[in-house]
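Asks: One structure, pasted below without further comment.
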Amino acid sequence: MGEEGEKLVVQQAETQPAEDEETKFGTSRADRKTSFDLADFPVLTGEEEDWRFTPLHRLANLHLPEGDDNLLTGAAPAVTVTDQDGVSIETVGRDDQRLGSFMVPDDRTSAVAWNSFSEATVVTIADNVNIEEPVKISVEGNSTDPAAQHIHVAIGANSKVNLVVNQTGKAVVSQNMEFAIGEGATANVTSIQAWDDETVHVGSQQASLGKDSTFKHVVITYGGSLVRLTPITRFAGEGATTNMYGLYFADAGQHMEHRIFIDHSTNNCTSDALYKGALQGKGARSVWVGDVLIRGNTSGTNSFEKNENLLLSEGAQADSIPNLEIETGIIDSGGHASSVGRFDEQQLFYLMARGIPEPLARKLIVRGFLNEIIQKIGIEDVEAAVTEVMEEEIADLEL
């Protein structure tokens with residue numbers, strides 16, 4: 001088993017002698033440092049496991065390579081939220097007690113963002129409401145001065161809401177985003193990274209799920225020079241469910257990196273993760289790392305994660321690393337899968353054998369590959385908008 005493959009933690013059965021110590025293979029995701037103190041995260045060298053795929057020279061100083069003295073002082077992207085019944089919007093100072101109530105930075109850029117922001121946007125969905133129209137959060141950048149941003153979204157108990165975060169414009173930003181999901185709530189969140197070409201975006205999107213809540217998080221990334229997102233789900237109550245989906249399309253020179261973490265820390269929780277990426281052009285690069293941790297004090301867990309990458313041209317590179325870490329034998333199911341490759345020759349042969357020209361057949365395969373994630377968004381106008389973007393990308397393919 002390679003270092004980049006599955007990291008499996010095996011604990012000794014309770015029937016074994018107490019003096020037997022548990023045996024661990026690899027490094028546990030549970031052992032990663034979390035802290036609000038920037039000093040706890042040394043200046044990056046690029047040799048760290050969590051950063052070895054990221055081109056540090058392209059981070060535009062968001063990681064403070066010269067040390068901790070100078071924080072990010074640029075203007076953060078502007079945030080606007082649709083005004084709807086049951087939704088309140090506030091701008092608060094960094095001393096607001098809701099901020100960081102469950103989210104703690106777990107890497108240097110997240111800690112830089114936490115220590116650098118001065119004001120945050122707080123969006124609150126009331127308890128016991130069913131909001132039919134999507135709540136839209138627009139994040140629009142208009143500067144490439146390195147900046148920090150913090151957004152906190154709280155969804156009340158037993159409420160149901162669709163939430164769309166649309167990130168556009170030009171920016172160099174390190175961003176922390178929190179989603180506090182109340183008991184029994186159902187939240188469908190779509191985060192779209194449609195940045196301008198020069199944008200550098202490093203972000204942590206962390207969710208805490210209350211008892212019996214349901215959280216769907218869909219990431220769509222196709223804009224920007226470098227985008228590195230860390231979507232994290234933590235279970236704060238039993239019986240919760242998370243579905244984490246993602247779609248990324250990397251063109252020549254773009255770096256798209258997604259590192260998900262699902263922390264099963266309580267009983268009877270379910271998670272499903274599926275990310276898909278398509279890459280074309282010289283220097284197109286994607287990185288996907290999926291960490292699922294099933295802790296030893298849990299039971300009744302169902303979990304599966306999968307990542308698929310389609311290389312559409314020479315010169316594109318995709319790295320895919322699924323990590324499943326199990327500390328207990330009392331689970332219902334758990335698994336992971338990963339693939340990186342070119343076109344499925346059997347699919348191509350099937351279509352061409354029915355008279356479809358090869359270039360068109362290849363585009364049909366790409367369309368079908370991407371559409372699986374688009375259909376999971378569950379918001380009609382957003383699905384249509386993303387489909388239009390993907391059709392433009394497919395139309396330009398030279399296959």
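The way I read the labels, and the way they are meant: chains A, B, ... in the order of the structure tokens, residue 1 as the first residue of every chain, and ligand 1 as the first ligand shown, with later ones counted on from there.
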Using DSSP on the backbone coordinates, identify the residues of stretch 93-308 of chain A assigned to strand (DSSP E or B); present them as number ranges by chain.
Replies: A: 93, 119-125, 130, 135-142, 147-155, 160-170, 172-181, 186-193, 200-209, 214-221, 226-235, 241-250, 255-264, 270-279, 285-294, 301-308
Asks: Which polymer residues have any atom within 8 Å of an atom of A:Leu38, counting only C-alpha atoms, with same-chain residues fewer than 2 positions away left out, as a count of residues only?
Replies: 10
Asks: Counting only C-alpha atoms, which of A:Leu312, A:Met103, A:Val219, A:Val289 gets nearest to A:Gly246?
Replies: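 Checking each of A:Leu312, A:Met103, A:Val219, A:Val289 against A:Gly246, counting only C-alpha atoms, the winner is A:Val219.
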Asks: Which of these residues is nearest to A:Ser101, using only C-alpha atoms: A:Ala154, A:Ile131, A:Leu293, A:Asn70?
Replies: A:Ala154
Asks: Looking at only C-alpha atoms, which of A:Ala157, A:Val172, A:Ile374, A:Ala147 is the one that sits closest to A:Thr387?
Replies: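 With only C-alpha atoms as the atom set, the closest residue is A:Ile374.
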Asks: Please return, as a ChimeraX atom specification, all residues of stretch 16-253 of chain A that DSSP assigns to helix (DSSP H, G or I) on the basis of the backbone.
Replies: /A:29-31,38-40,56-58,108-116
Asks: Would you export the selected residues with C-alpha atoms as a short mmCIF file (atom, residue, chain, number, x, y, z; two decimals), in the first residue's frame, please?
Replies:
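Writing the result to part-v3.cif gives the following:
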```
data_model
loop_
_atom_site.label_atom_id
_atom_site.label_comp_id
_atom_site.auth_asym_id
_atom_site.auth_seq_id
_atom_site.Cartn_x
_atom_site.Cartn_y
_atom_site.Cartn_z
CA ARG A 29 -6.11 13.09 9.32
CA ALA A 30 -7.30 13.43 12.91
CA ASP A 31 -3.80 14.46 13.98
CA LEU A 38 -0.95 31.82 12.82
CA ALA A 39 2.34 31.03 14.58
CA ASP A 40 1.22 27.39 14.81
CA LEU A 56 3.52 28.08 -3.95
CA HIS A 57 5.00 30.63 -6.34
CA ARG A 58 1.52 31.10 -7.81
CA ARG A 108 -1.58 28.19 6.96
CA THR A 109 -3.70 30.04 4.39
CA SER A 110 -6.88 29.54 6.42
CA ALA A 111 -5.08 30.84 9.51
CA VAL A 112 -3.80 33.82 7.52
CA ALA A 113 -7.36 34.60 6.43
CA TRP A 114 -8.66 34.29 10.00
CA ASN A 115 -6.06 36.66 11.38
CA SER A 116 -6.37 39.16 8.52
#
```
